[in-house]
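Data from input.cif: mmCIF, C-alpha atoms
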data_work
#
loop_
_atom_site.group_PDB
_atom_site.id
_atom_site.type_symbol
_atom_site.label_atom_id
_atom_site.label_comp_id
_atom_site.auth_asym_id
_atom_site.auth_seq_id
_atom_site.Cartn_x
_atom_site.Cartn_y
_atom_site.Cartn_z
ATOM 1 C CA LYS F 1 0.000 0.000 0.000
ATOM 2 C CA ALA F 2 1.417 3.373 -0.998
ATOM 3 C CA GLY F 3 1.939 5.861 1.810
ATOM 4 C CA VAL F 4 0.838 9.476 2.062
ATOM 5 C CA THR F 5 2.264 11.474 -0.828
ATOM 6 C CA GLN F 6 2.897 15.189 -0.634
ATOM 7 C CA THR F 7 3.909 17.419 -3.518
ATOM 8 C CA PRO F 8 6.022 19.334 -4.043
ATOM 9 C CA ARG F 9 8.777 18.425 -1.556
ATOM 10 C CA TYR F 10 10.350 21.858 -1.644
ATOM 11 C CA LEU F 11 8.980 25.265 -2.519
ATOM 12 C CA ILE F 12 10.443 28.761 -2.466
ATOM 13 C CA LYS F 13 8.059 31.689 -2.628
ATOM 14 C CA THR F 14 8.212 35.437 -2.141
ATOM 15 C CA ARG F 15 6.300 37.417 0.475
ATOM 16 C CA GLY F 16 2.827 38.315 -0.718
ATOM 17 C CA GLN F 17 2.514 35.376 -3.087
ATOM 18 C CA GLN F 18 0.175 32.450 -2.575
ATOM 19 C CA VAL F 19 0.940 28.749 -2.596
ATOM 20 C CA THR F 20 -0.954 25.485 -2.978
ATOM 21 C CA LEU F 21 0.274 22.229 -1.488
ATOM 22 C CA SER F 22 -1.086 18.829 -2.407
ATOM 23 C CA CYS F 23 -1.615 15.635 -0.432
ATOM 24 C CA SER F 24 -2.707 12.184 -1.586
ATOM 25 C CA PRO F 25 -3.779 10.010 1.355
ATOM 26 C CA ILE F 26 -3.412 6.286 1.762
ATOM 27 C CA SER F 27 -5.992 4.490 -0.341
ATOM 28 C CA GLY F 28 -9.217 4.084 1.616
ATOM 29 C CA HIS F 29 -8.464 6.829 4.129
ATOM 30 C CA ARG F 30 -11.126 9.507 4.169
ATOM 31 C CA SER F 31 -9.617 11.758 6.837
ATOM 32 C CA VAL F 32 -6.833 14.137 5.866
ATOM 33 C CA SER F 33 -5.298 16.578 8.309
ATOM 34 C CA TRP F 34 -2.614 19.226 7.916
ATOM 35 C CA TYR F 35 0.064 20.317 10.359
ATOM 36 C CA GLN F 36 2.674 23.058 10.341
ATOM 37 C CA GLN F 37 6.083 22.276 11.835
ATOM 38 C CA THR F 38 8.530 25.022 12.777
ATOM 39 C CA PRO F 39 11.586 25.004 15.074
ATOM 40 C CA GLY F 40 9.968 27.538 17.397
ATOM 41 C CA GLN F 41 6.391 26.286 17.636
ATOM 42 C CA GLY F 42 6.808 22.616 16.859
ATOM 43 C CA LEU F 43 3.962 20.746 15.218
ATOM 44 C CA GLN F 44 0.666 22.625 15.148
ATOM 45 C CA PHE F 45 -2.667 21.437 13.826
ATOM 46 C CA LEU F 46 -4.069 23.416 10.905
ATOM 47 C CA PHE F 47 -7.266 21.598 9.896
ATOM 48 C CA GLU F 48 -8.827 18.249 9.094
ATOM 49 C CA TYR F 49 -11.074 17.219 6.252
ATOM 50 C CA PHE F 50 -13.328 14.197 6.142
ATOM 51 C CA SER F 51 -15.475 13.304 3.147
ATOM 52 C CA GLU F 52 -14.882 16.734 1.594
ATOM 53 C CA THR F 53 -15.985 18.622 4.736
ATOM 54 C CA GLN F 54 -13.781 20.476 7.179
ATOM 55 C CA ARG F 55 -14.266 18.610 10.452
ATOM 56 C CA ASN F 56 -11.768 20.381 12.713
ATOM 57 C CA LYS F 57 -9.809 23.596 12.580
ATOM 58 C CA GLY F 58 -6.769 24.893 14.446
ATOM 59 C CA ASN F 59 -5.886 28.434 15.449
ATOM 60 C CA PHE F 60 -4.470 29.774 12.226
ATOM 61 C CA PRO F 61 -5.500 32.923 10.327
ATOM 62 C CA GLY F 62 -7.901 32.793 7.420
ATOM 63 C CA ARG F 63 -4.988 33.001 4.970
ATOM 64 C CA PHE F 64 -4.648 29.259 5.534
ATOM 65 C CA SER F 65 -7.355 27.267 3.822
ATOM 66 C CA GLY F 66 -7.863 23.815 2.481
ATOM 67 C CA ARG F 67 -10.171 21.552 0.617
ATOM 68 C CA GLN F 68 -10.713 17.887 -0.048
ATOM 69 C CA PHE F 69 -11.840 16.268 -3.249
ATOM 70 C CA SER F 70 -14.169 13.329 -3.751
ATOM 71 C CA ASN F 71 -11.187 10.970 -4.107
ATOM 72 C CA SER F 72 -9.968 12.161 -0.648
ATOM 73 C CA ARG F 73 -6.995 14.029 -2.090
ATOM 74 C CA SER F 74 -6.505 17.329 -0.320
ATOM 75 C CA GLU F 75 -4.957 20.682 -1.063
ATOM 76 C CA MET F 76 -3.853 23.384 1.294
ATOM 77 C CA ASN F 77 -3.593 27.015 0.232
ATOM 78 C CA VAL F 78 -1.778 29.874 1.896
ATOM 79 C CA SER F 79 -2.440 33.348 0.554
ATOM 80 C CA THR F 80 -0.442 36.543 1.053
ATOM 81 C CA LEU F 81 2.602 34.661 2.288
ATOM 82 C CA GLU F 82 4.584 36.033 5.217
ATOM 83 C CA LEU F 83 8.139 35.226 6.258
ATOM 84 C CA GLY F 84 6.764 33.423 9.310
ATOM 85 C CA ASP F 85 4.950 30.956 7.079
ATOM 86 C CA SER F 86 8.281 29.294 6.297
ATOM 87 C CA ALA F 87 7.840 25.799 7.677
ATOM 88 C CA LEU F 88 7.499 22.109 6.968
ATOM 89 C CA TYR F 89 3.873 21.401 6.122
ATOM 90 C CA LEU F 90 2.836 17.861 6.943
ATOM 91 C CA CYS F 91 -0.221 16.030 5.761
ATOM 92 C CA ALA F 92 -1.567 12.986 7.580
ATOM 93 C CA SER F 93 -4.294 10.555 6.672
ATOM 94 C CA SER F 94 -6.366 8.262 8.829
ATOM 95 C CA SER F 95 -9.177 5.793 8.464
ATOM 96 C CA TRP F 96 -10.781 7.052 11.668
ATOM 97 C CA ASP F 97 -14.453 7.931 11.503
ATOM 98 C CA ARG F 98 -15.696 7.569 15.088
ATOM 99 C CA GLY F 99 -15.085 5.558 18.233
ATOM 100 C CA TYR F 100 -11.814 4.210 19.565
ATOM 101 C CA VAL F 101 -8.922 6.146 18.114
ATOM 102 C CA GLY F 102 -6.281 3.561 18.873
ATOM 103 C CA ASN F 103 -7.127 1.487 15.831
ATOM 104 C CA SER F 104 -6.853 4.379 13.384
ATOM 105 C CA PRO F 105 -3.476 6.038 13.711
ATOM 106 C CA LEU F 106 -2.301 9.030 11.730
ATOM 107 C CA HIS F 107 0.005 8.282 8.813
ATOM 108 C CA PHE F 108 2.157 11.253 7.914
ATOM 109 C CA GLY F 109 3.680 12.148 4.589
ATOM 110 C CA ASN F 110 7.231 13.458 4.319
ATOM 111 C CA GLY F 111 6.038 17.029 4.052
ATOM 112 C CA THR F 112 6.494 20.060 1.851
ATOM 113 C CA ARG F 113 9.217 22.427 2.975
ATOM 114 C CA LEU F 114 8.096 25.967 2.198
ATOM 115 C CA THR F 115 10.581 28.818 2.299
ATOM 116 C CA VAL F 116 9.263 32.368 2.057
ATOM 117 C CA THR F 117 11.811 35.041 1.120
ATOM 118 C CA THR S 1 0.882 27.940 23.695
ATOM 119 C CA GLN S 2 2.525 24.532 24.134
ATOM 120 C CA LEU S 3 0.308 22.358 26.272
ATOM 121 C CA LEU S 4 2.685 19.393 26.278
ATOM 122 C CA GLU S 5 6.179 19.912 27.628
ATOM 123 C CA GLN S 6 8.815 17.304 26.935
ATOM 124 C CA SER S 7 12.056 16.821 28.801
ATOM 125 C CA PRO S 8 14.847 16.685 28.175
ATOM 126 C CA GLN S 9 14.950 18.769 25.015
ATOM 127 C CA PHE S 10 18.195 17.160 23.829
ATOM 128 C CA LEU S 11 19.849 13.907 24.791
ATOM 129 C CA SER S 12 23.165 12.567 23.558
ATOM 130 C CA ILE S 13 24.083 9.126 24.841
ATOM 131 C CA GLN S 14 26.255 6.183 23.942
ATOM 132 C CA GLU S 15 25.048 2.884 22.592
ATOM 133 C CA GLY S 16 23.877 0.566 25.344
ATOM 134 C CA GLU S 17 22.731 3.263 27.760
ATOM 135 C CA ASN S 18 19.169 3.574 29.048
ATOM 136 C CA LEU S 19 17.115 6.738 28.852
ATOM 137 C CA THR S 20 13.710 8.158 29.748
ATOM 138 C CA VAL S 21 11.832 10.946 28.024
ATOM 139 C CA TYR S 22 9.017 12.724 29.825
ATOM 140 C CA CYS S 23 5.894 14.361 28.462
ATOM 141 C CA ASN S 24 3.922 16.548 30.875
ATOM 142 C CA SER S 25 0.747 18.568 30.663
ATOM 143 C CA SER S 26 -1.687 20.392 32.901
ATOM 144 C CA SER S 27 -4.506 19.135 30.681
ATOM 145 C CA VAL S 28 -6.164 15.743 30.563
ATOM 146 C CA PHE S 29 -6.021 13.869 27.276
ATOM 147 C CA SER S 30 -8.149 10.928 26.206
ATOM 148 C CA SER S 31 -5.216 9.394 24.339
ATOM 149 C CA LEU S 32 -1.482 9.877 24.189
ATOM 150 C CA GLN S 33 0.665 8.945 21.239
ATOM 151 C CA TRP S 34 4.410 8.797 20.734
ATOM 152 C CA TYR S 35 6.049 9.421 17.376
ATOM 153 C CA ARG S 36 9.595 9.333 16.065
ATOM 154 C CA GLN S 37 10.650 11.644 13.271
ATOM 155 C CA GLU S 38 13.835 11.365 11.269
ATOM 156 C CA PRO S 39 15.352 14.185 9.189
ATOM 157 C CA GLY S 40 13.483 14.797 5.952
ATOM 158 C CA GLU S 41 10.604 12.540 6.917
ATOM 159 C CA GLY S 42 7.250 12.800 8.612
ATOM 160 C CA PRO S 43 6.596 11.490 12.130
ATOM 161 C CA VAL S 44 5.984 7.770 12.443
ATOM 162 C CA LEU S 45 3.654 6.479 15.138
ATOM 163 C CA LEU S 46 5.279 4.270 17.779
ATOM 164 C CA VAL S 47 2.395 3.679 20.173
ATOM 165 C CA THR S 48 -1.014 4.889 21.348
ATOM 166 C CA VAL S 49 -2.061 4.665 25.007
ATOM 167 C CA VAL S 50 -5.594 5.458 26.101
ATOM 168 C CA THR S 51 -6.031 4.198 29.667
ATOM 169 C CA GLY S 52 -4.637 5.961 32.739
ATOM 170 C CA GLY S 53 -1.802 3.899 34.181
ATOM 171 C CA GLU S 54 -1.424 1.906 30.978
ATOM 172 C CA VAL S 55 2.007 0.499 30.159
ATOM 173 C CA LYS S 56 2.919 -0.722 26.687
ATOM 174 C CA LYS S 57 6.142 -2.371 25.606
ATOM 175 C CA LEU S 58 7.514 -2.356 22.095
ATOM 176 C CA LYS S 59 10.750 -4.390 22.112
ATOM 177 C CA ARG S 60 13.239 -2.122 23.945
ATOM 178 C CA LEU S 61 10.752 0.747 24.282
ATOM 179 C CA THR S 62 8.372 1.060 27.262
ATOM 180 C CA PHE S 63 5.588 3.623 27.251
ATOM 181 C CA GLN S 64 3.544 4.667 30.261
ATOM 182 C CA PHE S 65 0.441 6.837 30.501
ATOM 183 C CA GLY S 66 0.019 8.606 33.832
ATOM 184 C CA ASP S 67 -2.870 7.655 36.112
ATOM 185 C CA ALA S 68 -4.452 11.085 35.661
ATOM 186 C CA ARG S 69 -3.852 10.982 31.875
ATOM 187 C CA LYS S 70 -1.874 14.214 32.008
ATOM 188 C CA ASP S 71 1.609 12.828 31.530
ATOM 189 C CA SER S 72 3.517 10.061 29.846
ATOM 190 C CA SER S 73 7.001 8.640 29.657
ATOM 191 C CA LEU S 74 9.060 6.748 27.129
ATOM 192 C CA HIS S 75 11.878 4.537 28.367
ATOM 193 C CA ILE S 76 14.447 3.048 26.009
ATOM 194 C CA THR S 77 16.617 0.202 27.207
ATOM 195 C CA ALA S 78 20.050 -0.387 25.701
ATOM 196 C CA ALA S 79 19.805 2.399 23.134
ATOM 197 C CA GLN S 80 21.096 1.786 19.625
ATOM 198 C CA PRO S 81 22.216 4.244 16.909
ATOM 199 C CA GLY S 82 19.021 3.384 15.041
ATOM 200 C CA ASP S 83 17.040 4.982 17.883
ATOM 201 C CA THR S 84 18.416 8.395 16.906
ATOM 202 C CA GLY S 85 15.697 10.867 15.996
ATOM 203 C CA LEU S 86 13.168 13.387 17.240
ATOM 204 C CA TYR S 87 10.682 11.896 19.690
ATOM 205 C CA LEU S 88 7.304 13.582 19.922
ATOM 206 C CA CYS S 89 4.417 12.953 22.256
ATOM 207 C CA ALA S 90 0.951 13.994 21.142
ATOM 208 C CA GLY S 91 -2.262 14.261 23.103
ATOM 209 C CA GLY S 92 -5.651 13.579 21.649
ATOM 210 C CA ARG S 93 -9.104 14.575 22.830
ATOM 211 C CA ALA S 94 -12.275 12.534 22.724
ATOM 212 C CA GLY S 95 -14.163 12.678 19.476
ATOM 213 C CA THR S 96 -11.196 13.242 17.205
ATOM 214 C CA ALA S 97 -8.212 11.195 16.140
ATOM 215 C CA SER S 98 -6.632 13.871 13.968
ATOM 216 C CA LYS S 99 -6.538 17.066 16.038
ATOM 217 C CA LEU S 100 -3.490 16.284 18.124
ATOM 218 C CA THR S 101 -1.565 18.568 20.452
ATOM 219 C CA PHE S 102 2.108 17.801 19.984
ATOM 220 C CA GLY S 103 4.821 18.102 22.569
ATOM 221 C CA THR S 104 7.907 20.254 22.278
ATOM 222 C CA GLY S 105 10.025 17.286 21.180
ATOM 223 C CA THR S 106 13.121 15.476 22.430
ATOM 224 C CA ARG S 107 16.044 15.133 20.070
ATOM 225 C CA LEU S 108 17.955 11.932 20.791
ATOM 226 C CA GLN S 109 21.379 11.082 19.441
ATOM 227 C CA VAL S 110 22.872 7.667 20.112
ATOM 228 C CA THR S 111 26.541 7.247 19.256
ATOM 229 C CA LEU S 112 28.721 4.144 19.034
#
Produce structure tokens that represent the structure in this file.
Amino acid sequence: KAGVTQTPRYLIKTRGQQVTLSCSPISGHRSVSWYQQTPGQGLQFLFEYFSETQRNKGNFPGRFSGRQFSNSRSEMNVSTLELGDSALYLCASSSWDRGYVGNSPLHFGNGTRLTVT
Amino acid sequence: TQLLEQSPQFLSIQEGENLTVYCNSSSVFSSLQWYRQEPGEGPVLLVTVVTGGEVKKLKRLTFQFGDARKDSSLHITAAQPGDTGLYLCAGGRAGTASKLTFGTGTRLQVTL
């Protein structure tokens, strides 16, 4: 079974631009969540999508948005980029729908490293 | 605001030594997970604990969830160079498996 695939692996953008990151979950997983990882703040939850609907949201400004397609693939968009948006963006998929979480772990991709100059 | 504090932040030990990493919070979590992340890769789940006082063993790794479900520890026996990496604890709340609060991380280096 193929793992979670994130594209691109590396991205360099200029302040003020916008960027779109892509994530293909493990086949059969309907939950896709996004995290931002920085040296200062660590891993922080951005949002989660399940069956094309945003199910949970973290404490990030509205410049960060996402969507999920009918095949469970997800995209994350950041508009009006700021220097502080430089980070590793991680996508994770899960088969969890409800109930005991222990049987439905998160599977992370290798991330997209975004550098804003 | 980091709700999960890990200690120590950095650990450099020699092969064969034992070590313990701590994960502490003032909040109660319904589940606690431990991940290991290697450079250039995403975190990989090691274990999930959901019951207060629960102890799980994974070969040389022993995980414990505190009785009050606010803290956890990871003990590695006879560390090997392959154990090198960033160890992250993550707390989960009831009703969601994806919205995790991650700890500050412990970077472990095991040398020969």
Any chance you could resolve the PyMOL selection byres ((chain S) within 10 of (chain F)) against this file and give the residues as a PyMOL selection string? chain S and resi 1-2+30-33+37-50+88+90+92-105
Please put the answer as AutoDock Vina command-line options: centre and edge lengths, in Å with one decimal, of a box along x, y and z that encloses all listed atoms of segment 16-26 of chain S plus 3 Å on each side.
--center_x 11.1 --center_y 10.5 --center_z 29.1 --size_x 31.6 --size_y 25.8 --size_z 13.6
Can you list, as a PyMOL selection string, every protein, DNA or RNA residue that comes within 10 Å of Tyr22 of chain S when you count all atoms listed in the file, leaving out same-chain residues fewer than 4 positions away? chain S and resi 4-9+64+71-75+89+103+105-106
Now that the selection is made, can you save its residues with C-alpha atoms as an mmCIF file, in the coordinates of the input?
data_model
loop_
_atom_site.group_PDB
_atom_site.id
_atom_site.type_symbol
_atom_site.label_atom_id
_atom_site.label_comp_id
_atom_site.auth_asym_id
_atom_site.auth_seq_id
_atom_site.Cartn_x
_atom_site.Cartn_y
_atom_site.Cartn_z
ATOM 1 C CA LEU S 4 2.685 19.393 26.278
ATOM 2 C CA GLU S 5 6.179 19.912 27.628
ATOM 3 C CA GLN S 6 8.815 17.304 26.935
ATOM 4 C CA SER S 7 12.056 16.821 28.801
ATOM 5 C CA PRO S 8 14.847 16.685 28.175
ATOM 6 C CA GLN S 9 14.950 18.769 25.015
ATOM 7 C CA GLN S 64 3.544 4.667 30.261
ATOM 8 C CA ASP S 71 1.609 12.828 31.530
ATOM 9 C CA SER S 72 3.517 10.061 29.846
ATOM 10 C CA SER S 73 7.001 8.640 29.657
ATOM 11 C CA LEU S 74 9.060 6.748 27.129
ATOM 12 C CA HIS S 75 11.878 4.537 28.367
ATOM 13 C CA CYS S 89 4.417 12.953 22.256
ATOM 14 C CA GLY S 103 4.821 18.102 22.569
ATOM 15 C CA GLY S 105 10.025 17.286 21.180
ATOM 16 C CA THR S 106 13.121 15.476 22.430
#
Quick check, in Å to one decimal: how far apart do atom CA of Ser70 of chain F and atom CA of Asp85 of chain F lie?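 One can read the atom CA of Ser70 of chain F to atom CA of Asp85 of chain F distance as 28.2 Å.
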Which distance in Å separates atom CA of Leu81 of chain F and atom CA of Gly66 of chain F, to one decimal?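 According to the coordinates, atom CA of Leu81 of chain F and atom CA of Gly66 of chain F are separated by 15.1 Å.
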I need the residue nearest His29 of chain F from this list: F:Pro8, F:Asn71, F:Gln17, F:Asn59. Use all atoms listed in the file for the distance.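 Among F:Pro8, F:Asn71, F:Gln17, F:Asn59, it is F:Asn71 that comes nearest to His29 of chain F.
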How far is it from atom CA of Gln109 of chain S to atom CA of Gln6 of chain F, in Å with one decimal?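 These atoms are spaced 27.6 Å apart.
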With the PyMOL selection byres ((chain F and resi 51) around 8) as the selection, what would be picked from this file? Answer as a PDB file with C-alpha atoms, in the coordinates of the input, please.
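So the final result, stored in selection_0.pdb, reads:
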ATOM      1  CA  ARG F  30     -11.126   9.507   4.169  1.00  0.00           C
ATOM      2  CA  SER F  31      -9.617  11.758   6.837  1.00  0.00           C
ATOM      3  CA  TYR F  49     -11.074  17.219   6.252  1.00  0.00           C
ATOM      4  CA  PHE F  50     -13.328  14.197   6.142  1.00  0.00           C
ATOM      5  CA  GLU F  52     -14.882  16.734   1.594  1.00  0.00           C
ATOM      6  CA  THR F  53     -15.985  18.622   4.736  1.00  0.00           C
ATOM      7  CA  GLN F  68     -10.713  17.887  -0.048  1.00  0.00           C
ATOM      8  CA  PHE F  69     -11.840  16.268  -3.249  1.00  0.00           C
ATOM      9  CA  SER F  70     -14.169  13.329  -3.751  1.00  0.00           C
ATOM     10  CA  SER F  72      -9.968  12.161  -0.648  1.00  0.00           C
TER      11      SER F  72
END
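With only C-alpha atoms as the basis for measurement, S:Leu108 is the residue among S:Ala68, S:Ala79, S:Leu58, S:Leu108 that approaches Leu11 of chain S most closely.
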Distance query Arg15 of chain F at most 9 Å, only C-alpha atoms, self and fewer than 5 positions along chain excluded, as number ranges by chain: F: 80-83, 116-117
Local residues around (-2.9, 25.6, 2.2), at most 9 Å away, using all atoms listed in the file, as a ChimeraX atom specification: /F:18-22,34,63-67,75-79,89
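Minimum distance to Thr5 of chain F across F:Gly62, F:Thr115, F:Gly84, F:Ser74 (counting all atoms listed in the file) occurs at F:Ser74.
Distance check against Ala87 of chain F using only C-alpha atoms: of F:Gln54, F:Leu11, F:Ser27, F:Gln37, the minimum falls on F:Gln37.
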Using all atoms listed in the file, which protein or nucleic acid residues come within 10 Å of Lys59 of chain S? Drop anything in the same chain fewer than 2 positions from it, and give the result as a PDB file with C-alpha atoms, in the coordinates of the input.
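And here's selection_31.pdb as it stands now:
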ATOM      1  CA  LYS S  56       2.919  -0.722  26.687  1.00  0.00           C
ATOM      2  CA  LYS S  57       6.142  -2.371  25.606  1.00  0.00           C
ATOM      3  CA  LEU S  61      10.752   0.747  24.282  1.00  0.00           C
ATOM      4  CA  THR S  62       8.372   1.060  27.262  1.00  0.00           C
ATOM      5  CA  ILE S  76      14.447   3.048  26.009  1.00  0.00           C
ATOM      6  CA  THR S  77      16.617   0.202  27.207  1.00  0.00           C
TER       7      THR S  77
END
